[in-house]
Amino acid sequence: MMLKLLGLFGLFAMCSAQAKVPVFVYYESLCPDSQAFVTQQLYPAMKGPLGKFVDLKLVPFGKSNYTTLGADVQFTCHHGPNECYGNKIQACAIEHIQVNSYQHEHTRESLTLEYINCLMKVGNNFPDSIYPGEKCARQTGVPNWENIERCANTTEGSKVLQRFGDLTNMLQPGLSSVPTVTFRQKYDIDAQRLAIANFGAALCKKISTPTPIECSNIPGAAAEKSSAVLVTIGALILSRFF
């Protein structure tokens with residue numbers, strides 16, 4: 001009886017465990033709104049206690065377009081050719097960033113976010129007219145800048161960015177503003193508006209119940225679903241023994 005009870009409580013614990021929320025961010029490297037969102041909303045939330053609830057997918061393409069000419073891919077970008085190169089650098093970074101064994105403070109995902117945040121924080125003013133890919137690699141400890149640079153300057157980078165373009169073009173309804181944020185790969189205008197203004201609150205609304213304590217101090221972060229479902233599960237379990 002005790003083993004059965006423990007097993008059922010284990011099942012209850014599994015039901016109440018928090019699964020990571022898939023979050024897709026569709027953005028552009030030189031878009032001021034994208035830069036503000038990444039540096040002021042996304043990055044602080046991911047670095048804080050809410051980061052553990054997110055499965056983040058960065059998609060650096062935005063309102064760009066591409067055409068294929070044989071094996072070559074040519075891009076036109078919302079903010080001009082420099083943005084196309086910035087998108088390629090970021091796409092190649094997402095593809096290639098690695099973490100050395102001594103970098104215990106980072107996972108591959110967290111180091112990628114550090115690097116992207118650095119690039120977006122620089123803005124659009126480059127004193128030396130050079131996109132700050134190498135500079136941010138040094139600042140954030142990315143160990144394989146050469147691989148990222150090689151990717152961005154070859155057909156590999158074009159193919160990687162093309163894949164991000166295809167992913168962007170799959171968005172339904174089609175991309176209308178940049179950045180666009182989706183939760184669980186579903187576009188919702190209300191969630192989009194809230195995410196741009198308060199990403200933490202938007203995320204908390206999408207986390208499966210019960211709402212984690214990390215959301216308790218965030219205004220407007222009440223979960224969309226009631227925790228009554230889990231209470232009911234618990235009551236049904238207990239009713240079998242009492």
# chains A, B, ... in the order shown; residues from 1 in each chain; ligands from 1
$ residues_around --residues "Leu30 of chain A" --least-positions-apart "2" --cutoff "12 Å" --atoms "only C-alpha atoms" --output "JSON, numbers by chain"
{"A": [27, 28, 32, 33, 34, 35, 36, 38, 60, 61, 62, 63, 64, 77, 78, 79, 80, 81, 82, 83, 84, 85, 86, 87, 88, 89, 90, 116, 119, 120, 121, 122, 123, 124, 125, 126, 131, 132, 178, 179]}
$ residues_around --residues "Leu58 of chain A" --least-positions-apart "6" --cutoff "7 Å" --atoms "only C-alpha atoms" --output "number ranges by chain"
A: 24-26
$ write_last_selection --atoms "N, CA and C atoms" --output "PDB file, in the first residue's frame"
ATOM      1  N   PHE A  24       9.916  31.344 -29.520  1.00  0.00           N
ATOM      2  CA  PHE A  24      10.599  31.723 -30.750  1.00  0.00           C
ATOM      3  C   PHE A  24      10.613  33.251 -30.841  1.00  0.00           C
ATOM      4  N   VAL A  25      11.789  33.806 -31.112  1.00  0.00           N
ATOM      5  CA  VAL A  25      11.929  35.252 -31.292  1.00  0.00           C
ATOM      6  C   VAL A  25      12.408  35.507 -32.717  1.00  0.00           C
ATOM      7  N   TYR A  26      11.539  36.118 -33.529  1.00  0.00           N
ATOM      8  CA  TYR A  26      11.848  36.464 -34.914  1.00  0.00           C
ATOM      9  C   TYR A  26      12.283  37.930 -34.927  1.00  0.00           C
TER      10      TYR A  26
END
$ residues_around --residues "Ile97 of chain A" --least-positions-apart "3" --cutoff "9 Å" --atoms "only C-alpha atoms" --output "JSON, numbers by chain"
{"A": [92, 93, 94, 108, 109, 111, 112, 142, 143, 144, 145, 147, 148]}
$ write_last_selection --atoms "all heavy atoms" --output "JSON list (two decimals), in the first residue's frame"
[["chain", "number", "residue", "atom", "x", "y", "z"],
["A", 92, "CYS", "N", 25.12, 32.28, -37.99],
["A", 92, "CYS", "CA", 26.29, 31.39, -37.90],
["A", 92, "CYS", "C", 26.71, 31.18, -36.44],
["A", 92, "CYS", "O", 27.18, 30.10, -36.07],
["A", 92, "CYS", "CB", 27.45, 31.96, -38.70],
["A", 92, "CYS", "SG", 27.21, 31.84, -40.50],
["A", 93, "ALA", "N", 26.54, 32.21, -35.62],
["A", 93, "ALA", "CA", 26.85, 32.05, -34.20],
["A", 93, "ALA", "C", 25.92, 31.04, -33.55],
["A", 93, "ALA", "O", 26.35, 30.16, -32.78],
["A", 93, "ALA", "CB", 26.74, 33.41, -33.49],
["A", 94, "ILE", "N", 24.63, 31.14, -33.85],
["A", 94, "ILE", "CA", 23.66, 30.19, -33.31],
["A", 94, "ILE", "C", 24.02, 28.77, -33.76],
["A", 94, "ILE", "O", 23.86, 27.81, -33.01],
["A", 94, "ILE", "CB", 22.24, 30.58, -33.76],
["A", 94, "ILE", "CG1", 21.84, 31.91, -33.11],
["A", 94, "ILE", "CG2", 21.22, 29.50, -33.42],
["A", 94, "ILE", "CD1", 20.61, 32.57, -33.72],
["A", 108, "ARG", "N", 26.00, 25.97, -23.97],
["A", 108, "ARG", "CA", 26.07, 26.48, -25.34],
["A", 108, "ARG", "C", 24.98, 27.54, -25.56],
["A", 108, "ARG", "O", 25.22, 28.57, -26.20],
["A", 108, "ARG", "CB", 25.90, 25.32, -26.32],
["A", 108, "ARG", "CG", 26.05, 25.70, -27.77],
["A", 108, "ARG", "CD", 25.92, 24.46, -28.66],
["A", 108, "ARG", "NE", 26.16, 24.81, -30.05],
["A", 108, "ARG", "CZ", 25.22, 25.30, -30.88],
["A", 108, "ARG", "NH1", 24.00, 25.49, -30.41],
["A", 108, "ARG", "NH2", 25.51, 25.59, -32.12],
["A", 109, "GLU", "N", 23.79, 27.27, -25.01],
["A", 109, "GLU", "CA", 22.68, 28.19, -25.18],
["A", 109, "GLU", "C", 22.91, 29.52, -24.46],
["A", 109, "GLU", "O", 22.62, 30.59, -25.01],
["A", 109, "GLU", "CB", 21.37, 27.55, -24.69],
["A", 109, "GLU", "CG", 20.87, 26.38, -25.52],
["A", 109, "GLU", "CD", 21.69, 25.11, -25.34],
["A", 109, "GLU", "OE1", 22.42, 25.00, -24.31],
["A", 109, "GLU", "OE2", 21.63, 24.23, -26.22],
["A", 111, "LEU", "N", 25.79, 30.90, -23.61],
["A", 111, "LEU", "CA", 26.87, 31.65, -24.24],
["A", 111, "LEU", "C", 26.39, 32.29, -25.54],
["A", 111, "LEU", "O", 26.75, 33.43, -25.86],
["A", 111, "LEU", "CB", 28.07, 30.75, -24.51],
["A", 111, "LEU", "CG", 29.31, 31.44, -25.11],
["A", 111, "LEU", "CD1", 29.79, 32.58, -24.22],
["A", 111, "LEU", "CD2", 30.44, 30.42, -25.33],
["A", 112, "THR", "N", 25.55, 31.58, -26.28],
["A", 112, "THR", "CA", 24.97, 32.15, -27.50],
["A", 112, "THR", "C", 24.16, 33.40, -27.18],
["A", 112, "THR", "O", 24.28, 34.43, -27.85],
["A", 112, "THR", "CB", 24.08, 31.11, -28.21],
["A", 112, "THR", "OG1", 24.87, 29.97, -28.57],
["A", 112, "THR", "CG2", 23.46, 31.71, -29.47],
["A", 142, "VAL", "N", 33.51, 33.85, -26.47],
["A", 142, "VAL", "CA", 33.23, 32.87, -27.52],
["A", 142, "VAL", "C", 34.57, 32.38, -28.07],
["A", 142, "VAL", "O", 35.36, 33.19, -28.58],
["A", 142, "VAL", "CB", 32.37, 33.49, -28.63],
["A", 142, "VAL", "CG1", 32.28, 32.56, -29.83],
["A", 142, "VAL", "CG2", 30.98, 33.81, -28.10],
["A", 143, "PRO", "N", 34.85, 31.08, -27.98],
["A", 143, "PRO", "CA", 36.19, 30.61, -28.30],
["A", 143, "PRO", "C", 36.45, 30.35, -29.79],
["A", 143, "PRO", "O", 37.60, 30.16, -30.18],
["A", 143, "PRO", "CB", 36.27, 29.29, -27.53],
["A", 143, "PRO", "CG", 34.86, 28.79, -27.49],
["A", 143, "PRO", "CD", 33.99, 30.02, -27.44],
["A", 144, "ASN", "N", 35.40, 30.33, -30.62],
["A", 144, "ASN", "CA", 35.61, 29.92, -32.01],
["A", 144, "ASN", "C", 35.08, 30.96, -32.99],
["A", 144, "ASN", "O", 34.32, 30.64, -33.91],
["A", 144, "ASN", "CB", 34.95, 28.55, -32.25],
["A", 144, "ASN", "CG", 33.46, 28.53, -31.93],
["A", 144, "ASN", "OD1", 33.02, 29.18, -30.99],
["A", 144, "ASN", "ND2", 32.69, 27.80, -32.72],
["A", 145, "TRP", "N", 35.47, 32.21, -32.79],
["A", 145, "TRP", "CA", 35.06, 33.29, -33.68],
["A", 145, "TRP", "C", 35.44, 32.98, -35.13],
["A", 145, "TRP", "O", 34.70, 33.29, -36.06],
["A", 145, "TRP", "CB", 35.67, 34.62, -33.26],
["A", 145, "TRP", "CG", 35.73, 35.64, -34.36],
["A", 145, "TRP", "CD1", 36.84, 36.15, -34.96],
["A", 145, "TRP", "CD2", 34.60, 36.26, -35.01],
["A", 145, "TRP", "NE1", 36.50, 37.05, -35.95],
["A", 145, "TRP", "CE2", 35.12, 37.14, -35.99],
["A", 145, "TRP", "CE3", 33.23, 36.16, -34.86],
["A", 145, "TRP", "CZ2", 34.31, 37.91, -36.82],
["A", 145, "TRP", "CZ3", 32.41, 36.93, -35.68],
["A", 145, "TRP", "CH2", 32.95, 37.79, -36.65],
["A", 147, "ASN", "N", 35.42, 30.28, -36.80],
["A", 147, "ASN", "CA", 34.41, 29.45, -37.46],
["A", 147, "ASN", "C", 33.16, 30.24, -37.82],
["A", 147, "ASN", "O", 32.56, 30.05, -38.88],
["A", 147, "ASN", "CB", 34.02, 28.27, -36.55],
["A", 147, "ASN", "CG", 35.15, 27.29, -36.35],
["A", 147, "ASN", "OD1", 36.11, 27.27, -37.12],
["A", 147, "ASN", "ND2", 35.05, 26.45, -35.34],
["A", 148, "ILE", "N", 32.77, 31.14, -36.92],
["A", 148, "ILE", "CA", 31.60, 31.98, -37.18],
["A", 148, "ILE", "C", 31.87, 32.92, -38.35],
["A", 148, "ILE", "O", 31.04, 33.07, -39.26],
["A", 148, "ILE", "CB", 31.24, 32.79, -35.92],
["A", 148, "ILE", "CG1", 30.84, 31.85, -34.78],
["A", 148, "ILE", "CG2", 30.12, 33.79, -36.21],
["A", 148, "ILE", "CD1", 30.72, 32.53, -33.43]]
$ residues_around --residues "Cys204 of chain A" --least-positions-apart "2" --cutoff "6 Å" --atoms "only C-alpha atoms" --output "MDAnalysis selection string"
chainID A and resid 201:202 206:207 221 223
$ write_last_selection --atoms "C-alpha atoms" --output "tab-separated table (two decimals), in the first residue's frame"
chain	number	residue	atom	x	y	z
A	201	ALA	CA	4.77	38.64	-17.54
A	202	ALA	CA	3.95	37.15	-20.96
A	206	LYS	CA	2.26	30.60	-20.66
A	207	ILE	CA	3.94	28.47	-17.99
A	221	ALA	CA	1.90	37.62	-14.67
A	223	ALA	CA	-1.19	32.23	-15.43
$ closest_residue --among "A:Leu194, A:Leu171, A:Cys215, A:Leu56" --to "Ser110 of chain A" --atoms "only C-alpha atoms"
A:Leu56
$ atom_distance --atom1 "atom CA of Pro219 of chain A" --atom2 "atom CA of Glu114 of chain A"
26.3 Å
$ residues_around --residues "segment 197-200 of chain A" --least-positions-apart "2" --cutoff "10 Å" --atoms "only C-alpha atoms" --output "ChimeraX atom specification"
/A:37-38,40-46,48,50-51,181,191-195,202-205,214-215,218-221
$ write_last_selection --atoms "C-alpha atoms" --output "JSON list (two decimals), in the first residue's frame"
[["chain", "number", "residue", "atom", "x", "y", "z"],
["A", 37, "PHE", "CA", 13.64, 43.84, -26.96],
["A", 38, "VAL", "CA", 16.67, 41.57, -26.77],
["A", 40, "GLN", "CA", 15.93, 45.19, -22.24],
["A", 41, "GLN", "CA", 13.39, 42.35, -22.08],
["A", 42, "LEU", "CA", 14.64, 38.97, -23.30],
["A", 43, "TYR", "CA", 18.19, 38.97, -21.96],
["A", 44, "PRO", "CA", 17.36, 40.18, -18.42],
["A", 45, "ALA", "CA", 14.52, 37.65, -18.13],
["A", 46, "MET", "CA", 16.69, 34.78, -19.39],
["A", 48, "GLY", "CA", 17.06, 35.82, -14.09],
["A", 50, "LEU", "CA", 12.60, 32.78, -15.26],
["A", 51, "GLY", "CA", 15.25, 31.61, -17.70],
["A", 181, "VAL", "CA", 7.53, 36.54, -30.21],
["A", 191, "ALA", "CA", 0.78, 37.65, -25.99],
["A", 192, "GLN", "CA", 2.88, 39.49, -28.59],
["A", 193, "ARG", "CA", 1.96, 42.91, -27.25],
["A", 194, "LEU", "CA", 2.60, 41.89, -23.66],
["A", 195, "ALA", "CA", 5.90, 40.17, -24.52],
["A", 202, "ALA", "CA", 3.95, 37.15, -20.96],
["A", 203, "LEU", "CA", 6.09, 34.10, -20.20],
["A", 204, "CYS", "CA", 4.47, 33.54, -16.81],
["A", 205, "LYS", "CA", 1.06, 33.46, -18.46],
["A", 214, "GLU", "CA", 9.32, 33.23, -9.61],
["A", 215, "CYS", "CA", 6.27, 34.88, -11.20],
["A", 218, "ILE", "CA", 5.80, 40.27, -11.70],
["A", 219, "PRO", "CA", 2.76, 42.52, -12.33],
["A", 220, "GLY", "CA", 0.29, 41.05, -14.80],
["A", 221, "ALA", "CA", 1.90, 37.62, -14.67]]
$ closest_residue --among "A:Ala152, A:Ile213, A:Leu175, A:Ile189" --to "His96 of chain A" --atoms "only C-alpha atoms"
A:Ala152
$ select_by_dssp --residues "segment 64-208 of chain A" --states "helix (DSSP H, G or I)" --output "NGL selection string"
:A and (81-96 or 108-122 or 133-140 or 145-152 or 155-169 or 189-197 or 199-206)
$ closest_residue --among "A:Ser29, A:Thr180, A:Thr155, A:Thr168" --to "Gly70 of chain A" --atoms "only C-alpha atoms"
A:Thr155
$ select_by_dssp --residues "segment 96-202 of chain A" --states "strand (DSSP E or B)" --output "VMD selection string"
chain A and resid 180 to 183 186
$ closest_residue --among "A:Asp166, A:Gln98, A:Val59, A:Glu105" --to "Glu146 of chain A" --atoms "only C-alpha atoms"
A:Gln98
